[in-house]
Amino acid sequence: MTASPPPLPDGLVIVVKDECATCQTVVPVLAQLRDSTSLTVYTQDDPSFPHGLDPQHDADLAVSWHHDIETVPTVIRVIDGVEVERTVGWHRDEWERVTGVAGLGPDLPAMRPGCGSMSVDPDLVDQLAVRFGATMLASRRIEVADAEDDIEMMFTRGWSDGLPVVPPTEERVMRMLTGTARPPADIVATVPPDLVEISVEKVAIAAVMAGCLPEYLPWVLTAVEAACTDEFNMHGLLATTMPVGPVIVCSGPGTRAIGMNSGGNALGQGNRANSTIGRALQLVVRNVGGGRPGEVDRATHGGPAKVGFCFAENEAESPYGTLAAEHGIEPGTDAITLFAGEGPRCVVDQLSREPDSLARSLAVALQAVHHPKLVMAFDAILVMGPEHARVFSDAGWGRDEIIAGITAHLQRPGPELVRGADGMAEGLPEAFGEVPSLPKFRDGGLMLTYAGGGAGLFSEIIGGWVNGDTGSKPVTRAVTY
Amino acid sequence: MTRTILDPTGERSVAERARLARPDSLGGLTVGLLDISKPRGDVFLDRLEERLVGVGANVKRYRKPTFAKPAPVDLRHEIATECQVVIEALAD
């Protein structure tokens, strides 16, 4: 492995390969330059090409990789070991300017495009990234024995959430790291419950294991940062007996750029980004933070967000904006909202065509979050699809009107909510019996997003966990690239 | 062919500390009672306090701001410096 880039000799450096027709074309020019300048030619393939010019063979492509050669021929002018300028392909004016030599290749056409450098050959690029770049990876290397199955070995070591994980080889992790501009050693967060500092590299390893593509990595990094804040309280979320985990709601044009699903089956299976971003966060919590079921994780039943629950909101078609904007993010900005939530449940109302009727239906279903007699302790996200949303938008209701319209039907008298009322021991302490009316949700505790698609007069409710300072607050953050 | 993968764990080395010896008697010792602020934890701790005072222990009471988060570091430090023994109550 080469830790530092090989230095370039002073004078002119030209990188070529025999297989490239343009490189063949410029051989007479190279001969001209050899006579009038200090010239070093590096050849990527045939060690004797070009004949008679004493080429240096860049056999392991170290020179080409470290000096970012993407095209051959590349001409570089070097002074005191430092590159001052370069040109690629054959363009007479450019070559004459960079080399300072006039009258180059008088018999050649004025220009000819170059060919791809072997150092960016798709078949080689991952190997080269490992050969020259993997020294920047700090993680312990673990050898898998010949007779061992990689995936079974990862199950055996306890690194899986119960589904197969992709083995994080150096090649895959280096490729994943191309998804962010952040250096691998950057510390992203301190992960509970073991309070272990996590680097970009370790997040990339989890992203590989979860099945992410490199372009998802900024979303995973942002989710890890958001989860490990005091407001979100990932430790409490793990330790609780309730069936909640981090629900990740993604917003912004980047959701479409990485191919996320905000339409039909948005909360379901079949989309790689939706399925793997949340899973990567949970693999971080498991493998770096040490949060595992039966240990710090004390969930009675658990729920889908403990495996990974991530979807995009359809901001492009939403008639009432985004949840991210509700939390202060500029529209058009890529962002995530982390919410401590359980699995979604469906609200069916196929008959309401008037907004107040639908608001009443949604309210009566929302009353049931965790228990109809427990109020203000839990938040909820209402995920409305196109057909329910249309009932409101056709009547001119925006986000504020929808929330207000539903909230108007979420009030109940204190005497109905106290312990023992309606023959149920569960309920609020008796003192609340004096209160004439109590809302189901605290201010801001009922959140609205738009996702789902195709037919269906349905909405989905994602119930929350203990809210506010005592439990978890939703955290919304712009994605850091 | 041997394959190499990268360790996905935090790779931390855990500091192991020996437990303090169990005291022969609680007489004269300061016992901290930590209420994690779950409902009715106080009922359990009130009874424990009566019993502990009965065997000659000094009792100090502490309370976490919320059961849903780890105890703040200042509270843990306070207990560690003021008590020889601590009992944490989990109740519902």
# chains A, B, ... in the order shown; residues from 1 in each chain; ligands from 1
call {"tool": "interface_residues", "arguments": {"of": "chain A", "to": "chain B", "cutoff": "8 Å", "atoms": "only C-alpha atoms", "output": "ChimeraX atom specification"}}
result
/A:139-146,159,167-170,196-198,202,205-206,233,235-237,240,287-289,466,470-471
call {"tool": "select_by_dssp", "arguments": {"residues": "chain B", "states": "helix (DSSP H, G or I)", "output": "VMD selection string"}}
result
chain B and resid 41 to 54 73 to 82
call {"tool": "write_last_selection", "arguments": {"atoms": "C-alpha atoms", "output": "PDB file, in the first residue's frame"}}
result
ATOM      1  CA  GLY B  41     -41.583   4.262  43.235  1.00  0.00           C
ATOM      2  CA  ASP B  42     -41.848   6.529  46.280  1.00  0.00           C
ATOM      3  CA  VAL B  43     -44.158   4.038  48.030  1.00  0.00           C
ATOM      4  CA  PHE B  44     -41.506   1.338  47.753  1.00  0.00           C
ATOM      5  CA  LEU B  45     -38.672   3.677  48.786  1.00  0.00           C
ATOM      6  CA  ASP B  46     -40.591   5.093  51.798  1.00  0.00           C
ATOM      7  CA  ARG B  47     -40.904   1.572  53.180  1.00  0.00           C
ATOM      8  CA  LEU B  48     -37.244   0.826  52.460  1.00  0.00           C
ATOM      9  CA  GLU B  49     -36.237   4.025  54.260  1.00  0.00           C
ATOM     10  CA  GLU B  50     -38.171   2.948  57.385  1.00  0.00           C
ATOM     11  CA  ARG B  51     -36.420  -0.426  57.366  1.00  0.00           C
ATOM     12  CA  LEU B  52     -32.963   1.048  56.747  1.00  0.00           C
ATOM     13  CA  VAL B  53     -33.291   3.666  59.471  1.00  0.00           C
ATOM     14  CA  GLY B  54     -34.395   0.810  61.728  1.00  0.00           C
ATOM     15  CA  VAL B  73     -23.926  12.884  35.454  1.00  0.00           C
ATOM     16  CA  ASP B  74     -24.122  15.487  38.253  1.00  0.00           C
ATOM     17  CA  LEU B  75     -26.679  13.377  40.093  1.00  0.00           C
ATOM     18  CA  ARG B  76     -24.541  10.258  39.736  1.00  0.00           C
ATOM     19  CA  HIS B  77     -21.537  12.177  41.059  1.00  0.00           C
ATOM     20  CA  GLU B  78     -23.545  13.539  43.982  1.00  0.00           C
ATOM     21  CA  ILE B  79     -24.670  10.059  44.979  1.00  0.00           C
ATOM     22  CA  ALA B  80     -21.172   8.618  44.577  1.00  0.00           C
ATOM     23  CA  THR B  81     -19.627  11.254  46.819  1.00  0.00           C
ATOM     24  CA  GLU B  82     -22.336  11.252  49.511  1.00  0.00           C
TER      25      GLU B  82
END
call {"tool": "atom_distance", "arguments": {"atom1": "atom CA of A:Arg279", "atom2": "atom CA of A:Ala207"}}
result
8.2 Å
call {"tool": "residues_around", "arguments": {"residues": "B:Val55", "least_positions_apart": "5", "cutoff": "10 Å", "atoms": "only C-alpha atoms", "output": "ChimeraX atom specification"}}
result
/B:25-28,50
call {"tool": "write_last_selection", "arguments": {"atoms": "C-alpha atoms", "output": "short mmCIF file (atom, residue, chain, number, x, y, z; two decimals), in the first residue's frame"}}
result
data_model
loop_
_atom_site.label_atom_id
_atom_site.label_comp_id
_atom_site.auth_asym_id
_atom_site.auth_seq_id
_atom_site.Cartn_x
_atom_site.Cartn_y
_atom_site.Cartn_z
CA SER B 25 -23.60 -4.12 58.37
CA LEU B 26 -25.47 -1.04 57.18
CA GLY B 27 -25.23 0.55 60.65
CA GLY B 28 -23.69 4.02 60.37
CA GLU B 50 -38.17 2.95 57.39
#
call {"tool": "residues_around", "arguments": {"residues": "B:Tyr62", "least_positions_apart": "5", "cutoff": "9 Å", "atoms": "only C-alpha atoms", "output": "PyMOL selection string"}}
result
chain B and resi 32-36+75+79
call {"tool": "select_by_dssp", "arguments": {"residues": "stretch 41-73 of chain B", "states": "strand (DSSP E or B)", "output": "compact mmCIF listing (two decimals) with C-alpha atoms, in the first residue's frame"}}
result
# COMPACT_ATOMS: atom_id res chain seq x y z
CA ASN B 58 -28.42 7.13 57.41
CA VAL B 59 -30.69 7.52 54.39
CA LYS B 60 -30.47 10.15 51.68
CA ARG B 61 -33.13 10.43 48.97
CA TYR B 62 -32.47 11.28 45.29
CA ARG B 63 -34.71 11.53 42.28
call {"tool": "atom_distance", "arguments": {"atom1": "atom CA of A:Lys373", "atom2": "atom CA of A:Gly433"}}
result
11.9 Å
call {"tool": "residues_around", "arguments": {"residues": "stretch 18-23 of chain A", "least_positions_apart": "3", "cutoff": "7 Å", "atoms": "only C-alpha atoms", "output": "PyMOL selection string"}}
result
chain A and resi 26-27+45-46+49+72-73+112+114-115
call {"tool": "write_last_selection", "arguments": {"atoms": "N, CA and C atoms", "output": "PDB file, in the first residue's frame"}}
result
ATOM      1  N   VAL A  26      -0.085  11.187 -30.764  1.00  0.00           N
ATOM      2  CA  VAL A  26       0.792  12.259 -30.281  1.00  0.00           C
ATOM      3  C   VAL A  26       2.240  11.813 -30.089  1.00  0.00           C
ATOM      4  N   VAL A  27       2.573  10.566 -30.465  1.00  0.00           N
ATOM      5  CA  VAL A  27       3.956  10.104 -30.278  1.00  0.00           C
ATOM      6  C   VAL A  27       4.972  11.051 -30.937  1.00  0.00           C
ATOM      7  N   ASP A  45       0.061   0.866 -19.742  1.00  0.00           N
ATOM      8  CA  ASP A  45      -0.079  -0.543 -20.122  1.00  0.00           C
ATOM      9  C   ASP A  45       1.244  -1.116 -20.652  1.00  0.00           C
ATOM     10  N   ASP A  46       1.552  -0.959 -21.931  1.00  0.00           N
ATOM     11  CA  ASP A  46       2.767  -1.527 -22.523  1.00  0.00           C
ATOM     12  C   ASP A  46       3.984  -0.775 -21.983  1.00  0.00           C
ATOM     13  N   PHE A  49       5.971   1.360 -24.509  1.00  0.00           N
ATOM     14  CA  PHE A  49       5.304   2.409 -25.300  1.00  0.00           C
ATOM     15  C   PHE A  49       5.508   3.762 -24.618  1.00  0.00           C
ATOM     16  N   VAL A  72      -6.224   9.948 -20.822  1.00  0.00           N
ATOM     17  CA  VAL A  72      -4.881   9.910 -21.432  1.00  0.00           C
ATOM     18  C   VAL A  72      -5.008  10.381 -22.879  1.00  0.00           C
ATOM     19  N   PRO A  73      -4.027  11.093 -23.407  1.00  0.00           N
ATOM     20  CA  PRO A  73      -2.878  11.615 -22.662  1.00  0.00           C
ATOM     21  C   PRO A  73      -3.264  12.771 -21.741  1.00  0.00           C
ATOM     22  N   ARG A 112      -7.950  16.310 -30.774  1.00  0.00           N
ATOM     23  CA  ARG A 112      -8.511  14.970 -30.742  1.00  0.00           C
ATOM     24  C   ARG A 112      -8.773  14.617 -29.272  1.00  0.00           C
ATOM     25  N   GLY A 114      -9.115  12.642 -25.773  1.00  0.00           N
ATOM     26  CA  GLY A 114      -8.315  11.559 -25.210  1.00  0.00           C
ATOM     27  C   GLY A 114      -9.169  10.330 -24.906  1.00  0.00           C
ATOM     28  N   CYS A 115      -8.541   9.363 -24.241  1.00  0.00           N
ATOM     29  CA  CYS A 115      -9.223   8.121 -23.871  1.00  0.00           C
ATOM     30  C   CYS A 115      -9.256   8.043 -22.338  1.00  0.00           C
TER      31      CYS A 115
END
call {"tool": "atom_distance", "arguments": {"atom1": "atom CA of A:Glu148", "atom2": "atom CA of A:Ser160"}}
result
16.4 Å
call {"tool": "residues_around", "arguments": {"residues": "A:Gly158", "least_positions_apart": "3", "cutoff": "12 Å", "atoms": "only C-alpha atoms", "output": "ChimeraX atom specification"}}
result
/A:151-155,161-165,283,286-288,290-293 /B:7-9
call {"tool": "residues_around", "arguments": {"residues": "stretch 425-428 of chain A", "least_positions_apart": "3", "cutoff": "12 Å", "atoms": "only C-alpha atoms", "output": "VMD selection string"}}
result
(chain A and resid 370 to 377 413 to 422 431 to 435 438) or (chain B and resid 39)
call {"tool": "write_last_selection", "arguments": {"atoms": "N, CA and C atoms", "output": "compact mmCIF listing (two decimals), in the first residue's frame"}}
result
# COMPACT_ATOMS: atom_id res chain seq x y z
N HIS A 370 -52.25 4.79 21.93
CA HIS A 370 -51.83 4.16 23.21
C HIS A 370 -52.97 3.87 24.18
N HIS A 371 -53.88 4.81 24.39
CA HIS A 371 -55.09 4.54 25.17
C HIS A 371 -55.97 5.79 25.08
N PRO A 372 -57.27 5.61 24.82
CA PRO A 372 -58.12 6.79 24.67
C PRO A 372 -58.17 7.67 25.93
N LYS A 373 -57.83 7.11 27.08
CA LYS A 373 -57.90 7.91 28.30
C LYS A 373 -56.56 8.53 28.69
N LEU A 374 -55.52 8.29 27.91
CA LEU A 374 -54.21 8.90 28.19
C LEU A 374 -54.00 10.03 27.19
N VAL A 375 -53.84 11.25 27.69
CA VAL A 375 -53.76 12.41 26.79
C VAL A 375 -52.51 13.23 27.08
N MET A 376 -52.08 13.94 26.05
CA MET A 376 -50.98 14.90 26.08
C MET A 376 -49.60 14.29 26.38
N ALA A 377 -49.55 13.00 26.58
CA ALA A 377 -48.28 12.36 26.93
C ALA A 377 -47.56 11.85 25.70
N PRO A 413 -63.71 15.83 28.22
CA PRO A 413 -63.81 16.33 29.59
C PRO A 413 -62.95 15.50 30.54
N GLY A 414 -62.30 16.16 31.49
CA GLY A 414 -61.46 15.48 32.47
C GLY A 414 -62.14 14.30 33.15
N PRO A 415 -63.42 14.46 33.58
CA PRO A 415 -64.06 13.34 34.29
C PRO A 415 -64.12 12.06 33.47
N GLU A 416 -64.12 12.15 32.14
CA GLU A 416 -64.15 10.93 31.31
C GLU A 416 -62.79 10.24 31.23
N LEU A 417 -61.74 10.97 31.65
CA LEU A 417 -60.39 10.48 31.42
C LEU A 417 -59.71 9.94 32.68
N VAL A 418 -60.32 10.22 33.84
CA VAL A 418 -59.62 9.85 35.08
C VAL A 418 -59.70 8.35 35.33
N ARG A 419 -58.82 7.92 36.20
CA ARG A 419 -58.75 6.50 36.57
C ARG A 419 -60.12 6.03 37.08
N GLY A 420 -60.56 4.91 36.56
CA GLY A 420 -61.84 4.37 37.00
C GLY A 420 -63.01 4.77 36.10
N ALA A 421 -62.89 5.90 35.40
CA ALA A 421 -64.00 6.32 34.54
C ALA A 421 -64.25 5.28 33.46
N ASP A 422 -65.52 5.10 33.10
CA ASP A 422 -65.92 4.12 32.08
C ASP A 422 -65.56 2.69 32.48
N ALA A 431 -57.03 14.21 40.04
CA ALA A 431 -57.06 15.68 40.04
C ALA A 431 -57.56 16.22 38.69
N PHE A 432 -57.33 15.47 37.63
CA PHE A 432 -57.75 15.94 36.29
C PHE A 432 -59.27 15.89 36.13
N GLY A 433 -59.95 15.26 37.07
CA GLY A 433 -61.41 15.23 37.05
C GLY A 433 -62.02 16.63 37.18
N GLU A 434 -61.25 17.58 37.68
CA GLU A 434 -61.73 18.95 37.83
C GLU A 434 -61.63 19.74 36.52
N VAL A 435 -60.87 19.20 35.55
CA VAL A 435 -60.60 19.98 34.33
C VAL A 435 -61.74 19.75 33.33
N LEU A 438 -59.79 18.49 28.05
CA LEU A 438 -58.35 18.25 27.82
C LEU A 438 -58.13 17.80 26.38
N PRO B 39 -44.24 6.19 38.59
CA PRO B 39 -45.31 6.24 39.58
C PRO B 39 -45.14 5.15 40.65
call {"tool": "closest_residue", "arguments": {"among": "A:Pro436, A:Gly343, A:Pro429, A:Ile69", "to": "A:Met118", "atoms": "only C-alpha atoms"}}
result
A:Ile69
